[in-house]
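Just model_14.txt here, compact mmCIF, C-alpha atoms:
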# COMPACT_ATOMS: atom_id res chain seq x y z
CA MET Z 1 144.60 131.85 125.64
CA PRO Z 2 143.97 128.95 123.22
CA ILE Z 3 146.25 130.65 120.69
CA LEU Z 4 149.06 130.88 123.26
CA LEU Z 5 148.65 127.24 124.25
CA ARG Z 6 148.65 126.14 120.62
CA GLU Z 7 151.77 128.21 119.95
CA ALA Z 8 153.54 126.79 123.04
CA LEU Z 9 152.69 123.26 121.94
CA HIS Z 10 154.32 123.92 118.55
CA SER Z 11 157.68 124.36 120.25
CA PRO Z 12 159.06 121.38 122.17
CA ARG Z 13 161.80 123.64 123.53
CA ASP Z 14 159.31 126.02 125.15
CA MET Z 15 157.33 123.14 126.63
CA ALA Z 16 160.51 121.61 128.03
CA LEU Z 17 161.53 124.96 129.53
CA ILE Z 18 158.13 125.41 131.16
CA LEU Z 19 158.12 121.89 132.61
CA GLY Z 20 161.76 122.26 133.67
CA SER Z 21 161.05 125.45 135.56
CA LEU Z 22 158.17 123.75 137.36
CA LEU Z 23 160.29 120.74 138.29
CA LEU Z 24 163.15 122.94 139.45
CA ALA Z 25 160.80 124.97 141.62
CA MET Z 26 159.45 121.75 143.14
CA LEU Z 27 162.97 120.49 143.86
CA VAL Z 28 164.09 123.74 145.44
CA THR Z 29 161.04 123.91 147.69
CA SER Z 30 161.09 120.27 148.83
CA PRO Z 31 163.19 120.95 151.98
CA LEU Z 32 160.72 123.64 153.11
CA PRO Z 33 157.78 122.96 155.43
CA THR Z 34 154.74 121.59 153.61
CA TYR Z 35 152.63 124.73 153.96
CA LEU Z 36 155.28 126.77 152.06
CA TRP Z 37 155.58 124.40 149.08
CA GLY Z 38 152.71 125.80 147.02
CA PRO Z 39 153.31 129.55 147.35
CA THR Z 40 157.09 129.30 147.05
CA ALA Z 41 157.03 126.93 144.07
CA LEU Z 42 154.45 129.15 142.38
CA LEU Z 43 156.64 132.22 142.79
CA LEU Z 44 159.77 130.40 141.63
CA ALA Z 45 158.04 128.99 138.55
CA ALA Z 46 156.20 132.21 137.69
CA ILE Z 47 159.34 134.22 136.97
CA PRO Z 48 160.82 132.04 134.18
CA GLY Z 49 157.34 130.97 133.09
CA THR Z 50 156.37 134.57 132.44
CA ALA Z 51 159.49 135.16 130.36
CA ILE Z 52 158.85 132.00 128.33
CA MET Z 53 155.19 132.84 127.74
CA ASN Z 54 156.10 136.38 126.67
CA ARG Z 55 158.34 134.87 124.01
CA VAL Z 56 155.52 132.54 122.95
CA ARG Z 57 153.09 135.50 122.82
CA ARG Z 58 155.44 137.51 120.60
CA ARG Z 59 155.84 134.53 118.27
CA ALA Z 60 152.04 134.05 118.13
CA GLU Z 61 151.51 137.73 117.32
CA THR Z 62 154.12 137.54 114.57
CA ARG Z 63 152.49 134.43 113.12
CA LEU Z 64 149.03 136.07 113.17
CA ARG Z 65 150.42 139.20 111.54
CA GLN Z 66 152.03 137.11 108.79
CA ASP Z 67 148.78 135.20 108.23
CA GLN Z 68 146.88 138.49 107.92
CA ASP Z 69 149.43 139.84 105.45
CA ARG Z 70 149.09 136.67 103.34
CA SER Z 71 145.29 136.91 103.35
CA GLU Z 72 145.43 140.58 102.30
CA GLU Z 73 147.70 139.70 99.36
CA SER Z 74 145.27 137.08 98.05

What is this structure when it is put down as structure tokens?
Amino acid sequence: MPILLREALHSPRDMALILGSLLLAMLVTSPLPTYLWGPTALLLAAIPGTAIMNRVRRRAETRLRQDQDRSEES
């Protein structure tokens, strides 16, 4: 998990997308009754958030693989 967070923080675009999906989910759910805000916003933010974090995970795996290849060459 710390590796994913570090990788997400390296990309301002990914952080903006994550925060944007959260804000959009909050805006969409604001007309709903209060007791539906949390679950609905969570579901709406989870879909794009999962896609974004999968991209971050793939990039982190690629970076780790490259670092391992460099260390093996040395």

Could you name the residues that touch Ala46 (chain Z) at 12 Å or less, counting all atoms listed in the file, but leaving out those on the same chain fewer than 6 positions away, as a VMD selection string?
-> chain Z and resid 18 to 19 21 to 22 24 to 25 38 to 40 52 to 54

For Ile3 (chain Z), which residue among Z:Ala60, Z:Leu42, Z:Gly49, Z:Glu73 is the nearest when counting all atoms listed in the file?
-> Z:Ala60

What lies within 9 Å of Ala8 (chain Z) using all atoms listed in the file, ignoring chain neighbours under 3 positions off, as a PyMOL selection string?
-> chain Z and resi 3-5+11-15+53+56-57+60

Separating CA of Val28 (chain Z) from CA of Ala41 (chain Z), to the nearest tenth of an Å, is a gap of 7.9 Å

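The closest residue to Leu17 (chain Z), picked from Z:Arg58, Z:Leu32, Z:Trp37, Z:Ala45 and counting only C-alpha atoms, is Z:Ala45.
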
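Interatomic distance, CA of Gly20 (chain Z) against CA of Pro2 (chain Z): 21.7 Å.
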
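The smallest atom-to-atom distance between Glu7 (chain Z) and any of Z:Thr50, Z:Thr29, Z:Thr62, Z:Thr34, using only C-alpha atoms, is found for Z:Thr62.
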
Atomic separation - CA of Leu44 (chain Z) relative to CA of Met1 (chain Z), Å = 22.1 Å

Produce region 7-66 of chain Z of the given structure as output with C-alpha atoms, as a short mmCIF file (atom, residue, chain, number, x, y, z; two decimals), in the first residue's frame.
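As a result, result_0.cif now contains:
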data_model
loop_
_atom_site.label_atom_id
_atom_site.label_comp_id
_atom_site.auth_asym_id
_atom_site.auth_seq_id
_atom_site.Cartn_x
_atom_site.Cartn_y
_atom_site.Cartn_z
CA GLU Z 7 3.40 6.13 -6.91
CA ALA Z 8 0.06 8.00 -6.95
CA LEU Z 9 1.70 11.02 -5.34
CA HIS Z 10 4.31 11.09 -8.13
CA SER Z 11 1.59 11.83 -10.67
CA PRO Z 12 -0.38 15.05 -10.20
CA ARG Z 13 -2.75 13.88 -12.94
CA ASP Z 14 -3.70 10.72 -11.05
CA MET Z 15 -4.20 12.65 -7.82
CA ALA Z 16 -6.39 15.18 -9.62
CA LEU Z 17 -8.44 12.38 -11.17
CA ILE Z 18 -8.94 10.69 -7.80
CA LEU Z 19 -9.98 13.93 -6.09
CA GLY Z 20 -12.17 14.86 -9.07
CA SER Z 21 -14.02 11.57 -8.92
CA LEU Z 22 -14.64 12.07 -5.21
CA LEU Z 23 -15.91 15.61 -5.72
CA LEU Z 24 -18.13 14.55 -8.61
CA ALA Z 25 -19.61 11.74 -6.53
CA MET Z 26 -20.31 14.23 -3.73
CA LEU Z 27 -22.00 16.64 -6.13
CA VAL Z 28 -24.15 13.96 -7.72
CA THR Z 29 -25.32 12.65 -4.35
CA SER Z 30 -26.06 16.03 -2.76
CA PRO Z 31 -29.77 16.05 -3.79
CA LEU Z 32 -30.29 12.63 -2.18
CA PRO Z 33 -31.48 12.14 1.40
CA THR Z 34 -28.67 12.38 3.94
CA TYR Z 35 -28.61 8.68 4.81
CA LEU Z 36 -27.86 7.79 1.16
CA TRP Z 37 -24.93 10.19 0.72
CA GLY Z 38 -22.20 7.92 2.07
CA PRO Z 39 -23.05 4.63 0.35
CA THR Z 40 -23.95 6.22 -2.98
CA ALA Z 41 -20.89 8.49 -3.09
CA LEU Z 42 -18.69 5.55 -2.15
CA LEU Z 43 -20.05 3.46 -5.01
CA LEU Z 44 -19.80 6.31 -7.50
CA ALA Z 45 -16.21 7.10 -6.51
CA ALA Z 46 -15.11 3.46 -6.31
CA ILE Z 47 -15.62 2.73 -10.00
CA PRO Z 48 -13.26 5.38 -11.47
CA GLY Z 49 -11.02 5.16 -8.40
CA THR Z 50 -10.43 1.47 -9.01
CA ALA Z 51 -9.53 2.10 -12.64
CA ILE Z 52 -7.11 4.88 -11.66
CA MET Z 53 -5.46 2.80 -8.94
CA ASN Z 54 -5.07 -0.15 -11.32
CA ARG Z 55 -3.14 2.14 -13.64
CA VAL Z 56 -1.02 3.34 -10.71
CA ARG Z 57 -0.40 -0.29 -9.65
CA ARG Z 58 0.75 -1.26 -13.15
CA ARG Z 59 3.11 1.73 -13.24
CA ALA Z 60 4.50 0.83 -9.78
CA GLU Z 61 5.08 -2.77 -10.86
CA THR Z 62 6.86 -1.58 -14.00
CA ARG Z 63 9.05 0.78 -11.97
CA LEU Z 64 9.94 -1.99 -9.49
CA ARG Z 65 10.75 -4.37 -12.34
CA GLN Z 66 13.02 -1.76 -13.94
#
